[in-house]
Structure formats: C-alpha cells, structure tokens
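Heads up, input_26.txt below (compact mmCIF, C-alpha atoms):
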```
# COMPACT_ATOMS: atom_id res chain seq x y z
CA MET A 28 19.03 137.65 27.41
CA LEU A 29 20.27 139.29 24.21
CA ILE A 30 23.88 139.85 23.23
CA LEU A 31 25.47 141.32 20.11
CA ASN A 32 29.07 140.11 19.89
CA HIS A 33 31.45 142.10 17.67
CA VAL A 34 28.87 142.58 14.91
CA THR A 35 29.89 144.12 11.58
CA LYS A 36 27.39 145.11 8.87
CA GLU A 37 28.20 146.85 5.58
CA TYR A 38 25.99 148.05 2.72
CA ASP A 39 27.55 148.87 -0.66
CA ASP A 40 30.94 149.62 0.88
CA VAL A 41 29.36 151.80 3.60
CA MET A 42 30.32 150.50 7.04
CA VAL A 43 27.26 150.87 9.30
CA LEU A 44 28.32 148.64 12.19
CA LYS A 45 31.93 147.70 12.89
CA ASP A 46 32.83 145.36 15.74
CA PHE A 47 29.67 146.50 17.54
CA SER A 48 28.75 144.85 20.84
CA PHE A 49 26.07 145.36 23.47
CA SER A 50 23.78 143.37 25.73
CA ILE A 51 20.38 143.92 27.32
CA GLU A 52 18.59 142.44 30.31
CA LYS A 53 15.24 140.71 30.40
CA GLY A 54 12.12 142.69 31.23
CA LYS A 55 13.37 146.24 30.63
CA ILE A 56 12.54 148.97 28.11
CA TYR A 57 15.53 150.29 26.18
CA SER A 58 15.25 153.56 24.26
CA ILE A 59 17.78 153.87 21.42
CA LEU A 60 18.77 157.32 20.13
CA GLY A 61 21.25 158.22 17.42
CA PRO A 62 21.89 160.22 14.22
CA SER A 63 19.90 159.46 11.09
CA GLY A 64 21.54 156.61 9.19
CA CYS A 65 23.71 155.51 12.11
CA GLY A 66 22.31 151.97 12.15
CA LYS A 67 19.41 152.01 14.63
CA THR A 68 17.03 150.21 12.26
CA THR A 69 19.85 147.93 11.10
CA ILE A 70 20.37 146.78 14.70
CA LEU A 71 16.66 145.94 15.02
CA ARG A 72 16.62 144.09 11.69
CA LEU A 73 19.65 142.04 12.69
CA ILE A 74 18.03 141.09 16.00
CA ALA A 75 14.83 140.13 14.14
CA GLU A 76 16.95 138.02 11.75
CA LEU A 77 15.65 140.01 8.77
CA GLU A 78 19.33 140.67 7.99
CA LYS A 79 22.47 138.71 8.71
CA PRO A 80 25.66 140.21 10.13
CA ASP A 81 28.74 140.15 7.91
CA LYS A 82 30.78 139.27 10.99
CA GLY A 83 30.04 138.57 14.63
CA GLN A 84 27.15 136.86 16.39
CA ILE A 85 23.74 137.72 17.79
CA GLU A 86 22.68 135.55 20.72
CA LEU A 87 18.92 135.49 21.26
CA ARG A 88 19.08 132.51 23.61
CA GLY A 89 15.75 131.11 22.44
CA GLN A 90 13.85 134.39 22.78
CA LYS A 91 10.99 135.10 20.34
CA VAL A 92 10.89 138.49 18.64
CA SER A 93 8.00 140.74 17.55
CA TYR A 94 8.50 143.86 15.40
CA VAL A 95 6.60 147.16 15.07
CA PHE A 96 7.89 148.76 11.86
CA GLN A 97 8.03 152.46 11.02
CA GLU A 98 5.16 151.94 8.58
CA PRO A 99 2.03 149.92 9.58
CA ARG A 100 2.38 147.09 6.99
CA LEU A 101 -1.24 145.95 7.46
CA LEU A 102 -2.88 143.53 5.05
CA PRO A 103 -5.13 145.83 2.97
CA TRP A 104 -7.65 143.09 2.13
CA GLU A 105 -8.29 142.24 5.80
CA THR A 106 -10.19 144.17 8.47
CA VAL A 107 -8.56 145.58 11.58
CA ARG A 108 -9.81 142.65 13.63
CA LYS A 109 -8.60 140.07 11.11
CA ASN A 110 -5.16 141.70 10.92
CA LEU A 111 -4.93 141.20 14.67
CA GLU A 112 -6.41 137.69 14.73
CA LEU A 113 -3.80 136.48 12.24
CA VAL A 114 -1.01 136.92 14.82
CA CYS A 115 -2.92 136.19 18.02
CA PRO A 116 -3.33 132.64 19.38
CA LYS A 117 -7.03 131.77 19.77
CA LYS A 118 -6.60 131.21 23.51
CA GLU A 119 -5.48 134.85 23.79
CA SER A 120 -8.33 136.29 21.66
CA LYS A 121 -9.77 138.27 24.59
CA LYS A 122 -6.68 140.47 24.42
CA ILE A 123 -7.82 141.76 21.03
CA GLU A 124 -10.96 143.27 22.56
CA GLN A 125 -8.96 144.73 25.43
CA LEU A 126 -6.46 146.36 23.10
CA LEU A 127 -9.11 147.70 20.73
CA GLU A 128 -10.72 149.38 23.73
CA LEU A 129 -7.37 150.63 25.02
CA MET A 130 -6.35 152.07 21.65
CA GLU A 131 -9.80 153.64 21.13
CA LEU A 132 -10.38 151.65 17.93
CA LYS A 133 -13.22 149.34 18.92
CA GLU A 134 -15.69 151.00 16.57
CA TYR A 135 -13.21 150.51 13.70
CA SER A 136 -12.64 146.79 14.27
CA ASP A 137 -14.46 145.86 11.05
CA ALA A 138 -12.91 148.65 8.98
CA TYR A 139 -10.24 148.07 6.33
CA PRO A 140 -6.84 149.82 6.44
CA LYS A 141 -7.79 152.20 3.60
CA GLU A 142 -10.59 153.54 5.81
CA LEU A 143 -8.20 154.48 8.63
CA SER A 144 -6.03 157.52 9.20
CA GLY A 145 -2.25 157.11 9.38
CA GLY A 146 -2.35 157.33 13.17
CA MET A 147 -5.05 154.67 13.40
CA LYS A 148 -3.07 152.31 11.18
CA GLN A 149 -0.02 152.75 13.37
CA ARG A 150 -2.05 151.98 16.50
CA VAL A 151 -3.21 148.74 14.88
CA SER A 152 0.43 147.96 14.08
CA ILE A 153 1.38 148.53 17.74
CA MET A 154 -1.44 146.24 18.88
CA ARG A 155 -0.31 143.56 16.44
CA GLY A 156 3.22 143.81 17.82
CA PHE A 157 2.02 143.21 21.36
CA LEU A 158 -0.34 140.38 20.35
CA TYR A 159 2.27 138.37 18.45
CA PRO A 160 3.80 135.87 20.92
CA HIS A 161 7.18 137.22 21.89
CA ASP A 162 9.79 137.84 24.56
CA ILE A 163 11.42 140.84 22.87
CA LEU A 164 9.41 143.60 21.17
CA LEU A 165 11.27 145.77 18.65
CA MET A 166 9.67 149.18 18.00
CA ASP A 167 11.09 151.35 15.20
CA GLU A 168 9.85 154.94 15.70
CA PRO A 169 6.26 153.77 16.34
CA PHE A 170 4.86 157.20 17.28
CA GLN A 171 5.92 159.30 14.30
CA ALA A 172 2.42 159.37 12.74
CA LEU A 173 0.66 160.25 16.02
CA ASP A 174 -0.33 163.60 17.54
CA LEU A 175 1.17 164.68 20.87
CA LYS A 176 -1.90 163.93 23.01
CA LEU A 177 -2.32 160.41 21.65
CA LYS A 178 1.42 159.79 21.82
CA ALA A 179 1.50 160.63 25.54
CA LYS A 180 -1.47 158.33 26.17
CA LEU A 181 0.08 155.45 24.23
CA ILE A 182 3.37 155.78 26.07
CA ARG A 183 1.51 155.27 29.35
CA GLU A 184 -0.49 152.35 27.95
CA ILE A 185 2.56 150.68 26.40
CA TYR A 186 4.35 150.90 29.74
CA SER A 187 1.30 149.35 31.44
CA LEU A 188 1.18 146.51 28.89
CA HIS A 189 4.90 145.96 29.33
CA GLN A 190 4.47 145.72 33.11
CA SER A 191 1.70 143.14 32.79
CA MET A 192 3.54 141.04 30.17
CA GLY A 193 7.09 141.29 31.48
CA ASN A 194 8.43 141.54 27.93
CA THR A 195 11.62 143.31 26.87
CA ILE A 196 11.30 146.31 24.54
CA LEU A 197 13.88 147.94 22.26
CA PHE A 198 12.44 151.27 21.21
CA VAL A 199 14.11 153.35 18.48
CA THR A 200 13.26 157.06 18.44
CA HIS A 201 14.61 160.48 17.40
CA ASP A 202 12.58 162.14 20.17
CA LEU A 203 14.39 162.65 23.48
CA ASP A 204 11.12 163.23 25.35
CA GLU A 205 9.74 159.88 24.12
CA ALA A 206 12.94 158.16 25.20
CA LEU A 207 12.79 159.70 28.68
CA LEU A 208 9.10 158.99 29.21
CA LEU A 209 9.27 155.32 28.20
CA GLY A 210 12.78 153.95 28.66
CA ASP A 211 14.25 152.25 31.72
CA GLU A 212 17.60 152.71 30.01
CA ILE A 213 18.61 155.02 27.18
CA ILE A 214 21.34 154.04 24.72
CA ILE A 215 22.91 156.85 22.70
CA LEU A 216 24.67 155.85 19.48
CA SER A 217 27.37 157.62 17.46
CA PRO A 218 27.37 158.32 13.71
CA LYS A 219 28.36 155.32 11.60
CA PRO A 220 30.28 153.16 11.97
CA THR A 221 28.17 152.98 15.11
CA SER A 222 29.41 152.76 18.65
CA ILE A 223 27.67 153.34 21.98
CA VAL A 224 28.39 156.87 23.21
CA LYS A 225 26.56 156.59 26.54
CA ARG A 226 24.03 154.49 28.44
CA PHE A 227 21.71 156.23 30.90
CA THR A 228 19.66 154.40 33.52
CA ILE A 229 16.39 156.14 34.41
CA ASP A 230 15.60 155.45 38.06
CA ALA A 231 12.36 157.47 38.21
CA SER A 232 9.13 155.45 38.35
CA GLN A 233 6.59 155.87 35.56
CA LYS A 234 4.47 158.10 37.81
CA GLU A 235 7.47 160.39 38.26
CA ARG A 236 8.27 160.60 34.56
CA GLY A 237 6.78 164.03 33.94
CA LEU A 238 9.28 165.96 31.83
CA GLU A 239 9.42 168.72 34.42
CA ASN A 240 10.95 166.15 36.78
CA MET A 241 13.47 164.98 34.19
CA GLN A 242 14.96 168.34 33.26
CA SER A 243 18.40 167.74 34.72
CA ILE A 244 19.01 164.42 32.97
CA LYS A 245 17.46 165.82 29.79
CA GLU A 246 20.02 168.65 29.78
CA ASP A 247 22.87 166.18 30.29
CA MET A 248 21.59 163.96 27.49
CA THR A 249 21.09 166.92 25.14
CA LYS A 250 24.76 167.85 25.54
CA ILE A 251 25.83 164.31 24.70
CA LEU A 252 23.44 164.10 21.75
CA ASN A 253 24.74 167.40 20.36
CA HIS A 254 28.30 166.19 20.80
CA ALA A 255 27.35 163.01 18.91
CA SER A 256 26.31 165.23 15.95
CA ILE A 257 22.63 164.27 16.00
```

Any chance you could give the structure as structure tokens?
Amino acid sequence: MLILNHVTKEYDDVMVLKDFSFSIEKGKIYSILGPSGCGKTTILRLIAELEKPDKGQIELRGQKVSYVFQEPRLLPWETVRKNLELVCPKKESKKIEQLLELMELKEYSDAYPKELSGGMKQRVSIMRGFLYPHDILLMDEPFQALDLKLKAKLIREIYSLHQSMGNTILFVTHDLDEALLLGDEIIILSPKPTSIVKRFTIDASQKERGLENMQSIKEDMTKILNHASI
C-alpha cells in the first residue's frame, strides 16, 4: 500500500537518504528504530508530503495520511474539544467522547493547551491523529513526554484502536521496549545515508507482548542496534 522507490534526500550537502527503498503492507504497525539524525523523521515527512524527495518516488496509492508530531502542535486559542472537533467529521463526533474517556482527559475537554501538562498535550495530539480521517498514521516519538505507567497504558489502547480501525501505523521511536510492545514489524535503520539494516516480524499476540516473553528477540535486536552504532 506504500512504496518508497529509490528515494534520495539531501540537506545542505548532507546526504540523509540515498537510493532508499522500502514497502509496507496495509493494516500493520511498523516500529522504526535508528540512530539520531539517520532520517527517521525525514522518511515520515516525505510520506506525509511535507517534503519532496530530490530523487525517486513515493507511491501512496490514494491512501490518506495523518501525523502525530514529536511536539503537540495544538491551537493555543482553542479548547481541547475544539482542537479535536476541527479534524473530526461531524458524523464521527461520538469518537471524541470515547477518546477523551480512554485518554483520561474528559474533565479537561474545555481546558486550553496552556492549562495542560506536557503529557496531557501529547495525549490530545495522539487523539487528534486518530480522529483525522486516514489510512496511514505516522507517529514520531509520540510517548517521549509521558511517564512509564501512562505510556504502557497508551500502547495497549493504541493497539486496540488500531485493531478496530484497521489503519496502518508507522511508529518512530528510540525505545526498543516501545517498539517491541507495539510493532507487528520492526525496521532497524543504519546511520546516514540511511539503509535498512534488518526487519523483524513479531509473531507474538498483543496479550503475549510482556517484555519478559520477548527477551530473546530483544537480545538479538540489541546486538544489531549496537552494531548499527545507535
């Protein structure tokens, strides 16, 4: 459903992507790991058409894209509810109430962004990403402002939302545990110019995703990540 064909992207004579290709299937969650500055965010921005490749092609095949950025990017003059309503079709408005309940933010629905903690703002950003009509959801380190307990809860809830929607998710993270708990497939990238070092398929069901059950694959992935100079 999504293909990057021989994509090259350069910034100020720094080659980030060179003849980079990969494809993903519909309805899966892909966790993307790689060294800082290797091009993870650049890949997402190219897919979202926020940037254009210098060479090569990106084939979306008519798929709509939603984006959860590293920072919340909420409209400061609008309430939480209004920030969500702006991207949600009226016929889907019931989903706003469901997500506010799910994210434990119902009592803050009429609050403004300045009245929220960093973690709360990021939860609103995640909700907005799911509410915007899409086939592919891009998530750029969405959990970095969240504590461990809330992060674990959101990973479960995001997986549940994904299962009900059938969307495709590309999830960028530096955290191997996050990648293992959420991803159906994990893509490990090299330092720039970026190439794919390894792709891991995670066969365990979500109920079996406790980290104690993933120790063997985690050890294998850690070796590859260390070799990739992360």

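Proximity ranking of A:Ala138, A:Ile85, A:Cys65, A:Leu203 relative to Phe49 in chain A places A:Ile85 first, based on all atoms listed in the file.
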
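Interatomic distance, CA of Ile163 in chain A against CA of Glu128 in chain A: 23.7 Å.
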
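Note that CA of Leu87 in chain A and CA of Tyr38 in chain A are 23.5 Å apart.
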
Report as a PyMOL selection string all protein, DNA and RNA residues lying within 6 Å of range 76-82 of chain A, evaluated on only C-alpha atoms, omitting residues in the same chain fewer than 4 positions from it. chain A and resi 34-36+72

Nearest residue to Lys148 in chain A out of A:Arg88, A:Lys219, A:Arg100, A:Lys225, using all atoms listed in the file? A:Arg100

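The nearest approach to Arg150 in chain A among the residues A:Ile213, A:Leu101, A:Leu113, A:Met192, with all atoms listed in the file taken into account, belongs to A:Leu101.
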
Pick from A:Pro220, A:Pro99, A:Gly89, A:Gly145, whichever lies nearest to Met42 in chain A using all atoms listed in the file: A:Pro220

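Between CA of Tyr57 in chain A and CA of Leu197 in chain A there is a distance of 4.9 Å.
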
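Among A:Val41, A:Leu209, A:Val95, A:Cys115, the residue with the shortest atom-to-atom distance to Thr68 in chain A, counting only C-alpha atoms, is A:Val95.
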
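Proximity of A:Met248, A:Ile51, A:Leu102, A:Leu208 to Lys178 in chain A, computed with all atoms listed in the file, is greatest for A:Leu208.
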
Test item: residues at most 9 Å from Leu181 in chain A, all atoms listed in the file, excluding those fewer than 5 positions along its chain, as number ranges by chain: A: 129-130, 150, 170, 176, 186

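The residue set within 9 Å of Asp230 in chain A, counting all atoms listed in the file and dropping same-chain residues fewer than 2 places from it, reads Asp211, Glu212, Thr228 and Ser232 of chain A.
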
With only C-alpha atoms as the counted atoms, please give the residues lying no more than 9 Å from Glu112 in chain A, apart from itself and same-chain residues fewer than 4 positions off, as number ranges by chain. A: 107-108, 116-117, 120, 123, 155, 158

With a distance cut-off of 12 Å and only C-alpha atoms, select the neighbouring residues of Phe227 in chain A, excluding the residue or stretch itself and same-chain residues fewer than 5 positions from it, and output the selection as a PyMOL selection string. chain A and resi 57-60+206-207+210-216+244-245+247-248+251

Keeping only C-alpha atoms, write the selected residues to a file as a compact mmCIF listing (two decimals), in the frame of the given file.
```txt
# COMPACT_ATOMS: atom_id res chain seq x y z
CA TYR A 57 15.53 150.29 26.18
CA SER A 58 15.25 153.56 24.26
CA ILE A 59 17.78 153.87 21.42
CA LEU A 60 18.77 157.32 20.13
CA ALA A 206 12.94 158.16 25.20
CA LEU A 207 12.79 159.70 28.68
CA GLY A 210 12.78 153.95 28.66
CA ASP A 211 14.25 152.25 31.72
CA GLU A 212 17.60 152.71 30.01
CA ILE A 213 18.61 155.02 27.18
CA ILE A 214 21.34 154.04 24.72
CA ILE A 215 22.91 156.85 22.70
CA LEU A 216 24.67 155.85 19.48
CA ILE A 244 19.01 164.42 32.97
CA LYS A 245 17.46 165.82 29.79
CA ASP A 247 22.87 166.18 30.29
CA MET A 248 21.59 163.96 27.49
CA ILE A 251 25.83 164.31 24.70
```
